[in-house]
$ cat query_3.csv   # CSV, C-alpha atoms
chain,number,residue,atom,x,y,z
F,1183,MET,CA,-35.4,-4.8,15.1
F,1184,ASP,CA,-35.3,-1.1,14.6
F,1185,THR,CA,-33.9,1.1,17.4
F,1186,MET,CA,-35.8,3.7,19.4
F,1187,ARG,CA,-34.2,6.4,17.3
F,1188,ASP,CA,-35.3,4.7,14.1
F,1189,ARG,CA,-38.8,4.9,15.4
F,1190,PHE,CA,-38.5,8.6,16.4
F,1191,ALA,CA,-38.5,10.3,13.0
F,1192,PRO,CA,-41.4,8.4,11.5
F,1193,VAL,CA,-43.5,9.0,14.6
F,1194,VAL,CA,-42.8,12.7,14.9
F,1195,SER,CA,-43.2,13.2,11.1
F,1196,LYS,CA,-46.7,11.7,11.4
F,1197,LEU,CA,-47.4,14.0,14.3
F,1198,LEU,CA,-46.4,16.9,12.2
F,1199,ASP,CA,-49.0,15.8,9.7
F,1200,GLU,CA,-51.7,15.3,12.3
F,1201,ASP,CA,-51.2,18.3,14.6
F,1202,PRO,CA,-50.5,21.9,13.3
F,1203,ARG,CA,-49.0,22.8,16.7
F,1204,VAL,CA,-46.1,20.4,16.4
F,1205,ALA,CA,-42.7,21.7,15.3
F,1206,VAL,CA,-39.3,20.0,15.1
F,1207,VAL,CA,-36.0,21.8,15.9
F,1208,LEU,CA,-32.8,20.1,15.0
F,1209,ALA,CA,-29.1,20.9,15.4
F,1210,GLU,CA,-27.8,19.1,12.3
F,1211,ILE,CA,-27.8,15.7,13.9
F,1212,GLY,CA,-30.7,13.7,12.7
F,1213,SER,CA,-31.7,16.2,10.0
F,1214,ASP,CA,-31.4,13.6,7.3
F,1215,ARG,CA,-34.3,11.7,8.9
F,1216,PHE,CA,-36.6,14.7,8.4
F,1217,VAL,CA,-36.0,15.6,4.7
F,1218,GLU,CA,-39.5,14.6,3.6
F,1219,ALA,CA,-41.2,16.1,6.6
F,1220,GLU,CA,-39.3,19.4,6.0
F,1221,ARG,CA,-40.6,19.3,2.4
F,1222,ARG,CA,-44.2,19.0,3.6
F,1223,HIS,CA,-43.8,21.4,6.5
F,1224,PRO,CA,-41.0,23.8,5.8
F,1225,ASP,CA,-42.2,26.3,8.4
F,1226,ARG,CA,-42.3,23.7,11.2
F,1227,VAL,CA,-39.1,21.7,10.6
F,1228,ILE,CA,-36.1,23.9,11.5
F,1229,ASN,CA,-32.4,23.0,11.4
F,1230,VAL,CA,-30.3,25.5,13.3
F,1231,GLY,CA,-27.0,23.9,12.5
F,1232,ILE,CA,-24.4,22.9,15.1
F,1233,ARG,CA,-25.6,25.4,17.6
F,1234,GLU,CA,-27.2,23.6,20.5
F,1235,GLN,CA,-27.9,26.7,22.6
F,1236,LEU,CA,-29.9,28.1,19.7
F,1237,LEU,CA,-31.7,24.8,19.4
F,1238,ILE,CA,-33.2,25.3,22.8
F,1239,GLY,CA,-33.8,29.0,22.4
F,1240,THR,CA,-35.6,28.5,19.1
F,1241,GLY,CA,-37.7,25.8,20.6
F,1242,ALA,CA,-38.6,28.1,23.5
F,1243,GLY,CA,-39.5,30.8,21.1
F,1244,LEU,CA,-41.8,28.5,19.1
F,1245,ALA,CA,-43.5,27.5,22.4
F,1246,LEU,CA,-44.1,31.2,23.2
F,1247,THR,CA,-46.1,31.4,19.9
F,1248,GLY,CA,-48.3,28.4,20.9
F,1249,LEU,CA,-46.5,25.7,19.1
F,1250,ARG,CA,-45.4,22.3,20.6
F,1251,PRO,CA,-41.6,22.1,19.8
F,1252,VAL,CA,-39.8,18.8,19.7
F,1253,MET,CA,-36.0,19.4,20.1
F,1254,HIS,CA,-33.6,16.6,19.1
F,1255,THR,CA,-29.9,15.8,19.2
F,1256,PHE,CA,-27.5,13.7,21.2
F,1257,ALA,CA,-28.1,13.8,25.0
F,1258,SER,CA,-24.8,15.5,25.8
F,1259,PHE,CA,-25.7,18.3,23.3
F,1260,LEU,CA,-29.3,18.5,24.3
F,1261,VAL,CA,-29.2,18.6,28.1
F,1262,GLU,CA,-25.6,19.3,29.1
F,1263,ARG,CA,-24.2,21.8,26.6
F,1264,PRO,CA,-27.2,24.1,26.5
F,1265,PHE,CA,-28.2,23.6,30.1
F,1266,GLU,CA,-28.5,27.4,30.8
F,1267,GLN,CA,-31.0,27.7,28.0
F,1268,VAL,CA,-32.9,24.7,29.2
F,1269,LYS,CA,-33.0,26.3,32.7
F,1270,LEU,CA,-33.9,29.9,31.5
F,1271,ASP,CA,-35.5,29.7,28.0
F,1272,LEU,CA,-37.8,26.9,28.9
F,1273,GLY,CA,-38.0,26.8,32.7
F,1274,HIS,CA,-37.7,30.5,33.7
F,1275,GLN,CA,-40.1,31.5,30.9
F,1276,ASP,CA,-42.4,28.6,32.0
F,1277,VAL,CA,-43.0,27.3,28.5
F,1278,GLY,CA,-43.2,23.7,27.5
F,1279,GLY,CA,-41.5,21.5,24.9
F,1280,VAL,CA,-40.2,18.0,24.3
F,1281,LEU,CA,-36.5,17.2,24.4
F,1282,VAL,CA,-35.7,13.9,22.7
F,1283,SER,CA,-32.2,12.6,23.0
F,1284,ALA,CA,-30.1,9.9,21.4
F,1285,ALA,CA,-26.8,8.3,22.4
F,1286,ALA,CA,-27.8,7.9,26.0
F,1287,SER,CA,-25.0,7.2,28.5
F,1288,PHE,CA,-22.5,5.4,26.2
F,1289,ASP,CA,-24.4,4.3,23.1
F,1290,TRP,CA,-21.6,5.5,20.8
F,1291,PRO,CA,-18.4,4.6,22.7
F,1292,SER,CA,-16.1,5.5,19.7
F,1293,GLY,CA,-17.5,9.0,19.8
F,1294,GLY,CA,-15.7,9.6,23.1
F,1295,PHE,CA,-16.8,11.2,26.3
F,1296,THR,CA,-18.2,14.3,24.5
F,1297,HIS,CA,-20.9,12.0,23.1
F,1298,MET,CA,-21.8,10.4,26.5
F,1299,ALA,CA,-24.3,11.8,29.0
F,1300,PRO,CA,-24.7,9.6,32.1
F,1301,GLY,CA,-25.5,12.7,34.1
F,1302,ASP,CA,-28.4,14.0,32.0
F,1303,VAL,CA,-31.3,12.9,34.2
F,1304,ALA,CA,-29.5,14.0,37.4
F,1305,LEU,CA,-28.9,17.4,35.8
F,1306,LEU,CA,-32.6,17.8,34.9
F,1307,ASP,CA,-33.4,16.9,38.6
F,1308,THR,CA,-32.0,20.3,39.6
F,1309,LEU,CA,-34.9,21.9,37.7
F,1310,ASP,CA,-38.6,22.0,38.5
F,1311,GLY,CA,-41.5,20.6,36.6
F,1312,TRP,CA,-39.8,18.1,34.2
F,1313,THR,CA,-41.4,14.8,33.2
F,1314,VAL,CA,-38.7,12.2,32.2
F,1315,HIS,CA,-39.5,9.1,30.1
F,1316,VAL,CA,-36.9,6.3,29.7
F,1317,PRO,CA,-38.3,3.7,27.3
F,1318,GLY,CA,-36.9,0.3,27.2
F,1319,HIS,CA,-38.1,-0.8,23.8
F,1320,PRO,CA,-38.8,0.9,20.4
F,1321,ASP,CA,-42.6,0.2,20.8
F,1322,GLU,CA,-42.5,1.9,24.3
F,1323,ALA,CA,-40.5,4.8,22.8
F,1324,GLU,CA,-43.3,5.4,20.3
F,1325,THR,CA,-46.0,5.3,23.0
F,1326,LEU,CA,-44.0,7.7,25.2
F,1327,LEU,CA,-43.2,10.0,22.3
F,1328,ARG,CA,-46.8,10.4,21.5
F,1329,HIS,CA,-47.6,10.9,25.2
F,1330,ALA,CA,-44.9,13.5,25.5
F,1331,VAL,CA,-46.0,15.5,22.5
F,1332,GLY,CA,-49.6,15.4,23.5
F,1333,ALA,CA,-48.8,16.5,27.1
F,1334,GLY,CA,-50.3,20.0,26.8
F,1335,ASP,CA,-47.6,22.5,27.5
F,1336,ASP,CA,-45.5,20.4,29.9
F,1337,ARG,CA,-41.7,20.1,29.8
F,1338,VAL,CA,-40.8,16.5,28.9
F,1339,TYR,CA,-37.5,14.7,28.3
F,1340,VAL,CA,-37.6,11.4,26.3
F,1341,ARG,CA,-34.3,9.5,26.6
F,1342,LEU,CA,-33.8,7.2,23.7
F,1343,SER,CA,-31.1,4.5,23.6
F,1344,VAL,CA,-29.9,1.7,21.3
F,1345,GLN,CA,-30.0,-0.6,24.3
F,1346,SER,CA,-33.3,-2.3,24.4
F,1347,ASN,CA,-35.3,-5.1,26.2
F,1348,LYS,CA,-36.4,-8.0,24.0
F,1349,GLU,CA,-40.1,-7.3,24.5
F,1350,ALA,CA,-42.2,-4.1,25.0
F,1351,LEU,CA,-44.6,-3.8,27.9
F,1352,ALA,CA,-47.8,-1.7,28.1
F,1353,VAL,CA,-46.4,1.5,29.5
F,1354,ASP,CA,-48.7,4.5,30.0
F,1355,GLY,CA,-46.4,7.4,30.6
F,1356,GLU,CA,-47.2,7.6,34.4
F,1357,ARG,CA,-47.1,4.4,36.4
F,1358,SER,CA,-44.5,1.7,37.1
F,1359,LEU,CA,-45.4,-1.9,36.3
F,1360,THR,CA,-45.1,-4.9,38.6
F,1361,VAL,CA,-43.2,-7.5,36.6
F,1362,ARG,CA,-42.4,-10.0,39.4
F,1363,GLU,CA,-43.5,-10.3,43.0
F,1364,GLY,CA,-41.5,-11.4,46.0
F,1365,HIS,CA,-41.0,-10.7,49.7
F,1366,SER,CA,-37.3,-10.1,50.4
F,1367,GLY,CA,-37.0,-6.6,48.8
F,1368,VAL,CA,-37.8,-4.5,45.7
F,1369,VAL,CA,-35.7,-4.0,42.6
F,1370,VAL,CA,-36.7,-1.1,40.4
F,1371,ALA,CA,-35.5,-1.6,36.8
F,1372,VAL,CA,-35.5,1.6,34.7
F,1373,GLY,CA,-36.0,1.4,30.9
F,1374,PRO,CA,-33.5,-0.8,29.0
F,1375,MET,CA,-32.2,-2.3,32.3
F,1376,LEU,CA,-35.2,-4.6,32.7
F,1377,ASP,CA,-34.0,-7.7,30.9
F,1378,ALA,CA,-30.7,-7.6,32.8
F,1379,VAL,CA,-32.5,-7.2,36.1
F,1380,LEU,CA,-34.9,-10.1,35.4
F,1381,THR,CA,-32.0,-12.4,34.6
F,1382,ALA,CA,-30.0,-11.2,37.6
F,1383,THR,CA,-32.9,-11.7,40.0
F,1384,GLU,CA,-34.1,-15.1,38.6
F,1385,GLY,CA,-34.8,-17.3,41.6
F,1386,LEU,CA,-34.5,-14.4,44.1
F,1387,ASP,CA,-37.6,-13.7,46.3
F,1388,VAL,CA,-37.9,-10.0,45.2
F,1389,THR,CA,-40.5,-7.8,43.6
F,1390,VAL,CA,-39.3,-6.3,40.3
F,1391,LEU,CA,-40.9,-2.9,39.3
F,1392,TYR,CA,-40.4,-1.6,35.8
F,1393,ALA,CA,-40.2,2.2,35.4
F,1394,THR,CA,-40.2,4.0,32.1
F,1395,THR,CA,-41.5,7.3,33.5
F,1396,VAL,CA,-39.0,8.2,36.3
F,1397,ARG,CA,-40.1,11.8,36.8
F,1398,PRO,CA,-42.5,12.2,38.5
F,1399,PHE,CA,-41.3,9.2,40.4
F,1400,ASP,CA,-44.0,6.7,41.1
F,1401,SER,CA,-43.8,6.8,44.9
F,1402,GLU,CA,-47.1,5.0,45.3
F,1403,ALA,CA,-46.0,1.9,43.4
F,1404,LEU,CA,-42.7,1.8,45.4
F,1405,ARG,CA,-44.5,2.2,48.8
F,1406,ARG,CA,-47.0,-0.5,47.9
F,1407,ALA,CA,-44.3,-3.0,46.9
F,1408,ALA,CA,-42.0,-2.1,49.8
F,1409,GLY,CA,-44.9,-2.3,52.3
F,1410,ALA,CA,-45.7,-5.9,51.0
F,1411,ALA,CA,-42.1,-7.1,51.5
F,1412,ASP,CA,-40.7,-8.5,54.7
F,1413,ALA,CA,-38.3,-5.5,54.7
F,1414,ALA,CA,-38.3,-2.3,52.8
F,1415,ASP,CA,-35.0,-2.9,51.0
F,1416,VAL,CA,-34.9,-1.2,47.6
F,1417,VAL,CA,-32.4,-1.5,44.7
F,1418,ILE,CA,-32.8,1.0,41.8
F,1419,VAL,CA,-31.0,0.0,38.6
F,1420,GLU,CA,-30.8,2.9,36.2
F,1421,PRO,CA,-29.0,3.2,32.8
F,1422,TYR,CA,-27.5,6.5,33.8
F,1423,LEU,CA,-25.6,8.0,36.8
F,1424,ALA,CA,-25.8,5.6,39.8
F,1425,GLY,CA,-27.9,7.0,42.6
F,1426,THR,CA,-29.9,9.4,40.4
F,1427,SER,CA,-33.3,8.3,41.9
F,1428,THR,CA,-32.2,7.3,45.4
F,1429,ALA,CA,-33.4,10.6,46.9
F,1430,ALA,CA,-36.8,10.1,45.3
F,1431,ALA,CA,-37.0,6.6,46.7
F,1432,ASN,CA,-36.0,7.8,50.2
F,1433,ASP,CA,-38.6,10.5,50.0
F,1434,ALA,CA,-41.3,8.0,49.0
F,1435,LEU,CA,-40.4,5.8,52.0
F,1436,ALA,CA,-39.7,8.6,54.5
F,1437,ASP,CA,-42.0,7.2,57.1
F,1438,LEU,CA,-40.9,3.6,56.8
F,1439,PRO,CA,-37.6,2.0,58.0
F,1440,HIS,CA,-35.8,1.2,54.7
F,1441,ARG,CA,-32.5,0.9,52.9
F,1442,VAL,CA,-31.9,2.0,49.3
F,1443,LEU,CA,-29.1,1.0,46.9
F,1444,GLY,CA,-28.6,2.9,43.7
F,1445,LEU,CA,-26.9,1.1,40.8
F,1446,GLY,CA,-26.1,2.6,37.5
F,1447,VAL,CA,-23.2,4.3,35.6
F,1448,GLY,CA,-20.3,5.2,37.8
F,1449,ARG,CA,-18.7,8.6,38.0
F,1450,ARG,CA,-15.3,7.3,36.9
F,1451,GLU,CA,-14.6,8.2,33.3
F,1452,LEU,CA,-13.7,5.2,31.2
F,1453,ARG,CA,-11.0,6.4,28.8
F,1454,ARG,CA,-10.7,3.2,26.7
F,1455,TYR,CA,-14.0,3.5,24.9
F,1456,GLY,CA,-14.4,-0.1,23.6
F,1457,GLN,CA,-17.9,-1.4,22.9
F,1458,ILE,CA,-21.2,-0.9,24.6
F,1459,GLU,CA,-21.1,-4.3,26.2
F,1460,GLU,CA,-17.7,-3.5,27.8
F,1461,HIS,CA,-19.1,-0.3,29.3
F,1462,VAL,CA,-22.1,-2.2,30.7
F,1463,ALA,CA,-19.7,-4.7,32.3
F,1464,ALA,CA,-17.3,-2.1,33.6
F,1465,HIS,CA,-20.1,-0.3,35.4
F,1466,GLY,CA,-21.4,-3.6,36.9
F,1467,LEU,CA,-24.7,-3.5,34.9
F,1468,ASP,CA,-24.4,-6.9,33.3
F,1469,PRO,CA,-26.6,-9.7,34.8
F,1470,ALA,CA,-23.8,-11.5,36.7
F,1471,SER,CA,-22.6,-8.3,38.4
F,1472,LEU,CA,-26.1,-7.1,39.2
F,1473,ARG,CA,-26.9,-10.4,40.8
F,1474,GLU,CA,-23.8,-10.3,43.0
F,1475,ARG,CA,-24.5,-6.7,44.0
F,1476,ILE,CA,-28.2,-7.1,44.7
F,1477,SER,CA,-27.7,-10.4,46.6
F,1478,GLY,CA,-25.0,-8.9,48.6
F,1479,PHE,CA,-27.2,-5.9,49.5
F,1480,LEU,CA,-30.1,-8.1,50.6
F,1481,ALA,CA,-27.8,-10.4,52.5
F,1482,GLY,CA,-26.3,-7.4,54.3
F,1483,ARG,CA,-29.6,-6.7,55.9
F,1484,ALA,CA,-30.1,-10.4,56.8
F,1485,ARG,CA,-26.7,-10.4,58.6
F,1486,GLY,CA,-27.6,-7.2,60.4
$ encode --input "query_3.csv" --output "structure tokens"
Amino acid sequence: MDTMRDRFAPVVSKLLDEDPRVAVVLAEIGSDRFVEAERRHPDRVINVGIREQLLIGTGAGLALTGLRPVMHTFASFLVERPFEQVKLDLGHQDVGGVLVSAAASFDWPSGGFTHMAPGDVALLDTLDGWTVHVPGHPDEAETLLRHAVGAGDDRVYVRLSVQSNKEALAVDGERSLTVREGHSGVVVAVGPMLDAVLTATEGLDVTVLYATTVRPFDSEALRRAAGAADAADVVIVEPYLAGTSTAAANDALADLPHRVLGLGVGRRELRRYGQIEEHVAAHGLDPASLRERISGFLAGRARG
């Protein structure tokens, strides 16, 4: 099966053909995937070289002319390194664009910590007006990429990963999906964490919500699921920094007695890079660890 990033270039290349507003800005990484598109649209496929701040500045400039820029590189170079430009060139100037990342939290362990970005979504949370999509399958990535590019002049972040669920679901770029229903609590699985969460919660009496659009946070779906449970105990399992969405969940349930546990990538830097599976296990995101942590959280309420 192809990866989300494998799907990215063909989809956006087709959008370049279909929509004269679409432009692509690259910072060397991924430029080999757009050779043919650049030949067809030399004025709308721009490679600025290894200059990530210029990547964002160029995209913002194109947006000011009325184009819909798609800016792409690894997450650490797209959100973290040029964050001032994301904040000012896009946000302060109130122009839109689509940031499409690769490498996620630890998709390329041998690249080292410079190529890891578990804090990307949390960082964007400090800014106003961003939509954030976290697909869990290449088919979902295609749907959400098209949704993002077609989203008027909004500012959108699409977080691609080599981690993937086995099957795609019918995501719409807005709402969370109810995958399993129960009464002892709610587990929100974000993007590629769904398969692990379903395995971890097999036999547990919990509702599982699947979120691929995390900003805006689907407060209505969470309130509905929590309200139908015996207790509003919520676990959010995210493929990036643990606790990134706990504030959003707390806000959604502000008028209800509730507990929220955020599971995800820990803050401690793992300096032996290893393989993806080793990072997943080290952060407690494998099914066995998730089951222990989710069950312990729900049992804690029962004991109380």
$ residues_around --input "query_3.csv" --residues "stretch 1259-1272 of chain F" --least-positions-apart "4" --cutoff "8 Å" --atoms "all atoms listed in the file" --output "list in words"
Glu1234, Gln1235, Ile1238, Gly1239, Ala1242, Met1253, His1254, Thr1255, Asp1276, Val1277, Gly1278, Gly1279, Leu1281, Ser1283, His1297, Ala1299, Asp1302, Leu1305, Leu1306, Leu1309 and Arg1337 of chain F
$ atom_distance --input "query_3.csv" --atom1 "atom CA of F:His1365" --atom2 "atom CA of F:Glu1402"
17.4 Å
$ atom_distance --input "query_3.csv" --atom1 "atom CA of F:Leu1236" --atom2 "atom CA of F:Pro1398"
27.7 Å
$ atom_distance --input "query_3.csv" --atom1 "atom CA of F:Pro1317" --atom2 "atom CA of F:Met1186"
8.3 Å
$ closest_residue --input "query_3.csv" --among "F:Ala1371, F:Leu1249, F:Leu1244, F:Met1183" --to "F:Asp1201" --atoms "all atoms listed in the file"
F:Leu1249
$ closest_residue --input "query_3.csv" --among "F:Glu1349, F:Glu1420, F:Glu1363, F:Glu1322" --to "F:Asp1377" --atoms "all atoms listed in the file"
F:Glu1349
$ closest_residue --input "query_3.csv" --among "F:Asn1432, F:Leu1386, F:Tyr1455, F:Leu1208" --to "F:Ala1408" --atoms "all atoms listed in the file"
F:Asn1432
$ residues_around --input "query_3.csv" --residues "F:Asp1335" --least-positions-apart "3" --cutoff "12 Å" --atoms "only C-alpha atoms" --output "mmCIF file with C-alpha atoms, keeping the file's coordinate frame"
data_model
loop_
_atom_site.group_PDB
_atom_site.id
_atom_site.type_symbol
_atom_site.label_atom_id
_atom_site.label_comp_id
_atom_site.auth_asym_id
_atom_site.auth_seq_id
_atom_site.Cartn_x
_atom_site.Cartn_y
_atom_site.Cartn_z
ATOM 1 C CA ARG F 1203 -49.000 22.800 16.700
ATOM 2 C CA VAL F 1204 -46.100 20.400 16.400
ATOM 3 C CA ALA F 1242 -38.600 28.100 23.500
ATOM 4 C CA LEU F 1244 -41.800 28.500 19.100
ATOM 5 C CA ALA F 1245 -43.500 27.500 22.400
ATOM 6 C CA LEU F 1246 -44.100 31.200 23.200
ATOM 7 C CA THR F 1247 -46.100 31.400 19.900
ATOM 8 C CA GLY F 1248 -48.300 28.400 20.900
ATOM 9 C CA LEU F 1249 -46.500 25.700 19.100
ATOM 10 C CA ARG F 1250 -45.400 22.300 20.600
ATOM 11 C CA PRO F 1251 -41.600 22.100 19.800
ATOM 12 C CA VAL F 1252 -39.800 18.800 19.700
ATOM 13 C CA LEU F 1272 -37.800 26.900 28.900
ATOM 14 C CA GLY F 1273 -38.000 26.800 32.700
ATOM 15 C CA ASP F 1276 -42.400 28.600 32.000
ATOM 16 C CA VAL F 1277 -43.000 27.300 28.500
ATOM 17 C CA GLY F 1278 -43.200 23.700 27.500
ATOM 18 C CA GLY F 1279 -41.500 21.500 24.900
ATOM 19 C CA VAL F 1280 -40.200 18.000 24.300
ATOM 20 C CA GLY F 1311 -41.500 20.600 36.600
ATOM 21 C CA TRP F 1312 -39.800 18.100 34.200
ATOM 22 C CA THR F 1313 -41.400 14.800 33.200
ATOM 23 C CA HIS F 1329 -47.600 10.900 25.200
ATOM 24 C CA ALA F 1330 -44.900 13.500 25.500
ATOM 25 C CA VAL F 1331 -46.000 15.500 22.500
ATOM 26 C CA GLY F 1332 -49.600 15.400 23.500
ATOM 27 C CA VAL F 1338 -40.800 16.500 28.900
#
$ closest_residue --input "query_3.csv" --among "F:Leu1423, F:Val1416, F:Ala1411, F:Ala1481" --to "F:Pro1300" --atoms "only C-alpha atoms"
F:Leu1423
$ residues_around --input "query_3.csv" --residues "stretch 1221-1227 of chain F" --least-positions-apart "2" --cutoff "7 Å" --atoms "all atoms listed in the file" --output "mmCIF file with C-alpha atoms, keeping the file's coordinate frame"
data_model
loop_
_atom_site.group_PDB
_atom_site.id
_atom_site.type_symbol
_atom_site.label_atom_id
_atom_site.label_comp_id
_atom_site.auth_asym_id
_atom_site.auth_seq_id
_atom_site.Cartn_x
_atom_site.Cartn_y
_atom_site.Cartn_z
ATOM 1 C CA ALA F 1205 -42.700 21.700 15.300
ATOM 2 C CA VAL F 1206 -39.300 20.000 15.100
ATOM 3 C CA VAL F 1207 -36.000 21.800 15.900
ATOM 4 C CA VAL F 1217 -36.000 15.600 4.700
ATOM 5 C CA GLU F 1218 -39.500 14.600 3.600
ATOM 6 C CA ALA F 1219 -41.200 16.100 6.600
ATOM 7 C CA ASN F 1229 -32.400 23.000 11.400
#
$ closest_residue --input "query_3.csv" --among "F:Arg1406, F:Arg1357, F:Arg1454, F:Arg1187" --to "F:Tyr1392" --atoms "only C-alpha atoms"
F:Arg1357
$ closest_residue --input "query_3.csv" --among "F:Val1369, F:Ala1410, F:Leu1404, F:Ala1434" --to "F:Arg1475" --atoms "all atoms listed in the file"
F:Val1369
$ residues_around --input "query_3.csv" --residues "F:Ala1284" --least-positions-apart "3" --cutoff "6 Å" --atoms "only C-alpha atoms" --output "list in words"
Phe1256, Ala1257, Leu1342 and Ser1343 of chain F
$ residues_around --input "query_3.csv" --residues "F:Pro1291" --least-positions-apart "4" --cutoff "7 Å" --atoms "all atoms listed in the file" --output "list of chain:residue names"
F:Tyr1455, F:Gly1456, F:Gln1457, F:Ile1458
$ decode --input "query_3.csv" --residues "stretch 1286-1355 of chain F" --atoms "C-alpha atoms" --output "tab-separated table (two decimals), in the first residue's frame"
chain	number	residue	atom	x	y	z
F	1286	ALA	CA	5.24	13.31	11.67
F	1287	SER	CA	6.47	12.73	15.25
F	1288	PHE	CA	9.12	10.07	14.53
F	1289	ASP	CA	8.51	8.62	11.06
F	1290	TRP	CA	12.22	8.74	10.21
F	1291	PRO	CA	14.02	7.81	13.44
F	1292	SER	CA	17.46	7.61	11.84
F	1293	GLY	CA	17.11	11.24	10.81
F	1294	GLY	CA	17.42	12.20	14.46
F	1295	PHE	CA	15.53	14.68	16.59
F	1296	THR	CA	15.93	17.42	13.98
F	1297	HIS	CA	13.51	15.44	11.82
F	1298	MET	CA	10.94	14.77	14.55
F	1299	ALA	CA	8.06	17.09	15.41
F	1300	PRO	CA	5.81	15.75	18.17
F	1301	GLY	CA	5.01	19.33	19.22
F	1302	ASP	CA	3.75	20.63	15.87
F	1303	VAL	CA	0.01	20.62	16.58
F	1304	ALA	CA	0.53	22.02	20.08
F	1305	LEU	CA	2.58	24.84	18.57
F	1306	LEU	CA	-0.13	25.70	16.05
F	1307	ASP	CA	-2.58	25.76	18.97
F	1308	THR	CA	-0.93	29.00	20.08
F	1309	LEU	CA	-2.25	30.66	16.91
F	1310	ASP	CA	-5.79	31.59	15.92
F	1311	GLY	CA	-7.84	30.26	13.06
F	1312	TRP	CA	-6.05	27.06	12.01
F	1313	THR	CA	-7.79	23.93	10.79
F	1314	VAL	CA	-5.74	20.78	11.47
F	1315	HIS	CA	-6.29	17.47	9.66
F	1316	VAL	CA	-4.61	14.26	10.83
F	1317	PRO	CA	-5.52	11.47	8.38
F	1318	GLY	CA	-5.09	7.87	9.42
F	1319	HIS	CA	-4.93	6.29	5.94
F	1320	PRO	CA	-3.75	7.34	2.46
F	1321	ASP	CA	-7.35	7.42	1.16
F	1322	GLU	CA	-8.28	9.76	4.01
F	1323	ALA	CA	-5.21	11.86	3.23
F	1324	GLU	CA	-6.44	12.33	-0.33
F	1325	THR	CA	-9.90	13.34	0.87
F	1326	LEU	CA	-8.53	15.78	3.43
F	1327	LEU	CA	-5.96	17.25	1.02
F	1328	ARG	CA	-8.73	18.04	-1.45
F	1329	HIS	CA	-10.84	19.45	1.38
F	1330	ALA	CA	-7.94	21.62	2.56
F	1331	VAL	CA	-7.06	23.04	-0.85
F	1332	GLY	CA	-10.71	23.75	-1.55
F	1333	ALA	CA	-11.28	25.47	1.80
F	1334	GLY	CA	-11.50	29.01	0.46
F	1335	ASP	CA	-8.78	31.13	2.02
F	1336	ASP	CA	-8.52	29.23	5.30
F	1337	ARG	CA	-5.25	28.34	6.99
F	1338	VAL	CA	-5.02	24.54	7.07
F	1339	TYR	CA	-2.41	22.07	8.31
F	1340	VAL	CA	-2.47	18.51	6.93
F	1341	ARG	CA	-0.25	16.17	8.95
F	1342	LEU	CA	0.87	13.16	6.89
F	1343	SER	CA	2.51	10.07	8.36
F	1344	VAL	CA	3.87	6.71	7.26
F	1345	GLN	CA	1.89	5.22	10.15
F	1346	SER	CA	-1.50	4.12	8.90
F	1347	ASN	CA	-4.62	2.22	9.87
F	1348	LYS	CA	-5.46	-0.83	7.78
F	1349	GLU	CA	-8.69	0.60	6.42
F	1350	ALA	CA	-9.92	4.08	5.54
F	1351	LEU	CA	-13.14	5.53	6.92
F	1352	ALA	CA	-15.50	8.06	5.34
F	1353	VAL	CA	-14.02	11.24	6.82
F	1354	ASP	CA	-15.49	14.61	5.86
F	1355	GLY	CA	-12.98	17.18	7.12
